[in-house]
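One structure is given below, encoded as structure tokens.
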Amino acid sequence: MKKYIALFFLMAVAAVLVLSCTKTIDNTKNPYDSITKTTKTPPVIKEIDSSTITGIYTFILSKKCAIPSCHGKMFEPDFSSVEASYNTLVWHKVIKNDVLNSFTYRVVPRDTNFSWLHERLVTGDSILGRMPRYAPPLTTREMYHINKWIMNGAKDANGNTASPKPNNNIQVQEIVAYDDKYSRCDTARPSYYSAFTVPYNKLLHFYFYVYDVETKVDKFLDNKVKFSSDPFDFSKAIEVNATLDTTYHVWHMDINSNQFTKGKTMYVRYYGRDPDHSTPAEFPNNNSQNYFIEHYSFIVK
């Protein structure tokens, strides 16, 4: 009997221990409710405004050209991207013009009458040709968006209106000198920014690489070269007119080195202008850096 009482007691104790170690589960609650949830907000897709340069490029310029390669990176205006389209249209000088040369820029902000782009899209001149060539003209709605963009200031992709590009005078990029045997003289110098040497009593040939953003080289005016032994005083300088080398499209002049004193350093300045300026540009000039003044100099030996 005692044996059964002890067994019952042990079973009772075991049951109490099991119940005390068992966690009561509440099936009415979601165990994941305590976890903080993060919700990703889907990106807002901004609709392209058809009356902006982005819209005009997306819906018109990149799609309507009858010959896609016509306005690529090798031909202007360049419609290969939004930025290229803007940079080769707004305040960009025209290359082809009407018979009266009525237009100066491809797009003039807030003026469709003087914007060459607008004229090319609506012209009835069969010789000039309406754009897009060999394809249907732009619809009234498409022209509305282009006109609206121009009249709203022809803004760029960031909403900024460009100011007119400054019309600079001609700029001199480099001087090249040859002796009477057409051997380079300008390379005979200790460093790039120092005087080069030329032979005495020899015919020298000077070439100047001159350029202008808006004007072709053959349209430059008042081209001349001056030589002075004083780097800052050209009032008594030797002056020679420059002529255009039509083969290489550079301006050049010839002079015999016996006009210069042996052993002296002679300083060279180039003068010229484009048709938009009344006063010739001078380079180097008294405001130029010393290394430019030294680069445009030579010593007769």
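In the structure tokens, each chain is lettered A, B, ... as it comes, each chain's residues begin at 1, and ligands are numbered from 1 in order of appearance.
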Need the shell around segment 176-185 of chain A: protein/DNA/RNA residues with any atom at most 6 Å away, counting only C-alpha atoms. Skip same-chain ones fewer than 6 positions apart. Format as number ranges by chain? A: 198, 202-207
Please extract the residues of segment 176-229 of chain A with a backbone DSSP assignment of strand (DSSP E) and present them as a PyMOL selection string. chain A and resi 176-178+196-198+203-211+221-228
Record the distance separating atom CA of Leu221 of chain A and atom CA of Val94 of chain A, expressed in Å with one decimal. 21.1 Å
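Within 12 Å of Phe292 of chain A, once only C-alpha atoms are used and residues closer than 2 positions along the same chain are dropped, the contacting residues are Val172, Gln173, Glu174, Ile175, Tyr192, Tyr193, Ser194, Ala195, Pro231, Tyr267, Val268, Arg269, Phe283, Pro284, Asn285, Asn286, Asn287, Ser288, Gln289, Asn290, Glu294, His295, Tyr296 and Ser297 of chain A.
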Which of segment 58-207 of chain A fall in alpha helix (DSSP H), as a list in words: Ser62, Lys63, Lys64, Val82, Glu83, Ala84, Ser85, Tyr86, Asn87, Trp116, Leu117, His118, Glu119, Arg120, Leu121, Val122, Thr140, Arg141, Glu142, Met143, Tyr144, His145, Ile146, Asn147, Lys148, Trp149, Ile150 and Met151 of chain A
Write out as JSON lines a residue-level contact list of segment 179-281 of chain A versus segment 152-171 of chain A with cut-off 6 Å: for each qualifying residue the closest pair of atoms and the distance in Å to one decimal, counting only C-alpha atoms, rows sorted by chain and residue number upward.
{"residue": "A:Val210", "atom": "CA", "partner": "A:Gln171", "partner_atom": "CA", "distance": 5.7}
{"residue": "A:Tyr211", "atom": "CA", "partner": "A:Gln171", "partner_atom": "CA", "distance": 5.5}
{"residue": "A:Asp212", "atom": "CA", "partner": "A:Ile170", "partner_atom": "CA", "distance": 4.8}
{"residue": "A:Arg273", "atom": "CA", "partner": "A:Ile170", "partner_atom": "CA", "distance": 5.6}
With N, CA and C atoms retained, write the just-selected residues as an mmCIF file, in the first residue's frame.
data_model
loop_
_atom_site.group_PDB
_atom_site.id
_atom_site.type_symbol
_atom_site.label_atom_id
_atom_site.label_comp_id
_atom_site.auth_asym_id
_atom_site.auth_seq_id
_atom_site.Cartn_x
_atom_site.Cartn_y
_atom_site.Cartn_z
ATOM 1 N N VAL A 210 44.718 81.799 -85.600
ATOM 2 C CA VAL A 210 43.751 82.745 -85.058
ATOM 3 C C VAL A 210 42.353 82.170 -85.256
ATOM 4 N N TYR A 211 41.492 82.340 -84.268
ATOM 5 C CA TYR A 211 40.139 81.792 -84.404
ATOM 6 C C TYR A 211 39.121 82.716 -83.755
ATOM 7 N N ASP A 212 37.866 82.480 -84.079
ATOM 8 C CA ASP A 212 36.754 83.217 -83.494
ATOM 9 C C ASP A 212 35.544 82.290 -83.486
ATOM 10 N N ARG A 273 40.576 91.652 -86.161
ATOM 11 C CA ARG A 273 39.235 91.745 -85.587
ATOM 12 C C ARG A 273 38.241 90.994 -86.450
#
Long-range neighbours of Arg110 of chain A as a list in words, 10 Å cut-off, only C-alpha atoms, 2 positions minimum in chain: Val107, Val108, Thr112, Asn113, Phe114, Ser115, Asn147, Lys148, Trp149, Ile150, Met151, Asn152, Gly153, Ala154 and Lys155 of chain A
Nearby residues (only C-alpha atoms) at most 10 Å from Tyr57 of chain A, same-chain spacing under 6 positions excluded, as a PyMOL selection string: chain A and resi 50-51+63-64+79-86
Considering only C-alpha atoms, return as number ranges by chain whatever protein or nucleic-acid residues lie within 12 Å of segment 119-121 of chain A, sequence-local ones (same chain, fewer than 6 positions apart) excluded. A: 60-61, 64-65, 94, 96-98, 102-108, 111-113, 127-133, 135-140, 142-144, 146-147
Selection to disk with N, CA and C atoms, as a tab-separated table (two decimals), in the first residue's frame:
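Final output, result-v9.tsv:
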chain	number	residue	atom	x	y	z
A	60	ILE	N	9.64	65.24	-79.84
A	60	ILE	CA	9.73	65.83	-81.19
A	60	ILE	C	11.13	65.67	-81.79
A	61	LEU	N	12.14	66.30	-81.19
A	61	LEU	CA	13.46	66.34	-81.81
A	61	LEU	C	14.07	64.96	-82.01
A	64	LYS	N	11.23	63.00	-84.75
A	64	LYS	CA	10.63	63.51	-85.98
A	64	LYS	C	11.60	63.69	-87.13
A	65	CYS	N	12.91	63.66	-86.87
A	65	CYS	CA	13.87	63.84	-87.96
A	65	CYS	C	13.75	62.66	-88.92
A	94	VAL	N	23.25	80.90	-86.43
A	94	VAL	CA	22.83	80.08	-87.56
A	94	VAL	C	24.00	79.93	-88.54
A	96	LYS	N	23.17	78.19	-91.93
A	96	LYS	CA	22.37	78.43	-93.13
A	96	LYS	C	21.35	79.49	-92.79
A	97	ASN	N	21.08	80.39	-93.73
A	97	ASN	CA	20.16	81.50	-93.48
A	97	ASN	C	19.27	81.70	-94.68
A	98	ASP	N	18.29	82.59	-94.55
A	98	ASP	CA	17.47	82.91	-95.71
A	98	ASP	C	18.22	83.91	-96.60
A	102	SER	N	18.06	87.14	-92.47
A	102	SER	CA	17.16	87.72	-91.47
A	102	SER	C	17.40	87.21	-90.06
A	103	PHE	N	18.08	86.08	-89.94
A	103	PHE	CA	18.20	85.44	-88.63
A	103	PHE	C	19.66	85.39	-88.18
A	104	THR	N	19.84	85.55	-86.87
A	104	THR	CA	21.17	85.48	-86.28
A	104	THR	C	21.34	84.23	-85.42
A	105	TYR	N	20.28	83.89	-84.67
A	105	TYR	CA	20.36	82.76	-83.74
A	105	TYR	C	19.29	81.71	-84.05
A	106	ARG	N	19.60	80.47	-83.71
A	106	ARG	CA	18.64	79.39	-83.94
A	106	ARG	C	17.42	79.52	-83.03
A	107	VAL	N	17.64	79.90	-81.78
A	107	VAL	CA	16.53	80.15	-80.86
A	107	VAL	C	16.83	81.40	-80.06
A	108	VAL	N	15.93	82.35	-80.12
A	108	VAL	CA	16.02	83.57	-79.31
A	108	VAL	C	14.94	83.47	-78.25
A	111	ASP	N	11.09	85.00	-78.33
A	111	ASP	CA	10.88	85.63	-79.64
A	111	ASP	C	10.88	84.56	-80.74
A	112	THR	N	9.70	84.13	-81.15
A	112	THR	CA	9.61	83.13	-82.22
A	112	THR	C	9.89	83.75	-83.58
A	113	ASN	N	9.63	85.05	-83.74
A	113	ASN	CA	9.83	85.69	-85.04
A	113	ASN	C	11.29	85.69	-85.47
A	127	ILE	N	13.02	76.24	-101.68
A	127	ILE	CA	14.47	76.18	-101.80
A	127	ILE	C	15.10	76.02	-100.42
A	128	LEU	N	14.63	76.80	-99.48
A	128	LEU	CA	15.14	76.71	-98.11
A	128	LEU	C	14.79	75.36	-97.50
A	129	GLY	N	13.54	74.96	-97.67
A	129	GLY	CA	13.11	73.65	-97.19
A	129	GLY	C	12.59	73.67	-95.77
A	130	ARG	N	11.36	73.14	-95.61
A	130	ARG	CA	10.77	73.02	-94.28
A	130	ARG	C	11.32	71.78	-93.59
A	131	MET	N	11.50	71.87	-92.29
A	131	MET	CA	11.93	70.73	-91.48
A	131	MET	C	10.71	70.12	-90.79
A	132	PRO	N	10.70	68.78	-90.62
A	132	PRO	CA	11.71	67.82	-91.08
A	132	PRO	C	11.61	67.57	-92.58
A	133	ARG	N	12.76	67.50	-93.23
A	133	ARG	CA	12.78	67.27	-94.66
A	133	ARG	C	12.29	65.85	-94.97
A	135	ALA	N	9.51	64.46	-94.76
A	135	ALA	CA	8.61	63.88	-93.77
A	135	ALA	C	7.45	64.86	-93.54
A	136	PRO	N	6.35	64.38	-92.98
A	136	PRO	CA	5.21	65.28	-92.73
A	136	PRO	C	5.60	66.40	-91.78
A	137	PRO	N	5.00	67.58	-91.95
A	137	PRO	CA	5.32	68.70	-91.05
A	137	PRO	C	4.84	68.42	-89.63
A	138	LEU	N	5.34	69.18	-88.69
A	138	LEU	CA	4.90	69.02	-87.31
A	138	LEU	C	3.43	69.39	-87.20
A	139	THR	N	2.75	68.75	-86.28
A	139	THR	CA	1.32	69.02	-86.09
A	139	THR	C	1.16	70.37	-85.40
A	140	THR	N	-0.07	70.86	-85.42
A	140	THR	CA	-0.37	72.13	-84.74
A	140	THR	C	-0.03	72.03	-83.26
A	142	GLU	N	2.23	70.05	-81.82
A	142	GLU	CA	3.69	70.03	-81.64
A	142	GLU	C	4.28	71.42	-81.78
A	143	MET	N	3.79	72.19	-82.75
A	143	MET	CA	4.26	73.56	-82.91
A	143	MET	C	3.87	74.41	-81.70
A	144	TYR	N	2.72	74.11	-81.14
A	144	TYR	CA	2.28	74.84	-79.94
A	144	TYR	C	3.29	74.68	-78.82
A	146	ILE	N	6.52	73.86	-79.02
A	146	ILE	CA	7.78	74.53	-79.34
A	146	ILE	C	7.65	76.03	-79.15
A	147	ASN	N	6.57	76.61	-79.64
A	147	ASN	CA	6.35	78.04	-79.49
A	147	ASN	C	6.24	78.43	-78.02
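Comparing the minimum interatomic distances between Phe208 of chain A and each of A:Phe227, A:Trp251, A:Trp116, A:Phe220, counting only C-alpha atoms, we find that A:Trp251 sits nearest.
Interatomic distance, atom CA of Asp186 of chain A against atom CA of Ile293 of chain A: 14.0 Å.
Closest to Pro190 of chain A among A:Phe298, A:Ile56, A:Ile95, A:Thr123 is A:Phe298, based on only C-alpha atoms.
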Pick out the closest residue to Tyr270 of chain A from this set: A:Val213, A:Met253, A:Ile48, A:Val225. Count only C-alpha atoms. A:Val225
One decimal, in Å: what's the spacing between atom CA of Val250 of chain A and atom CA of His92 of chain A? 24.5 Å
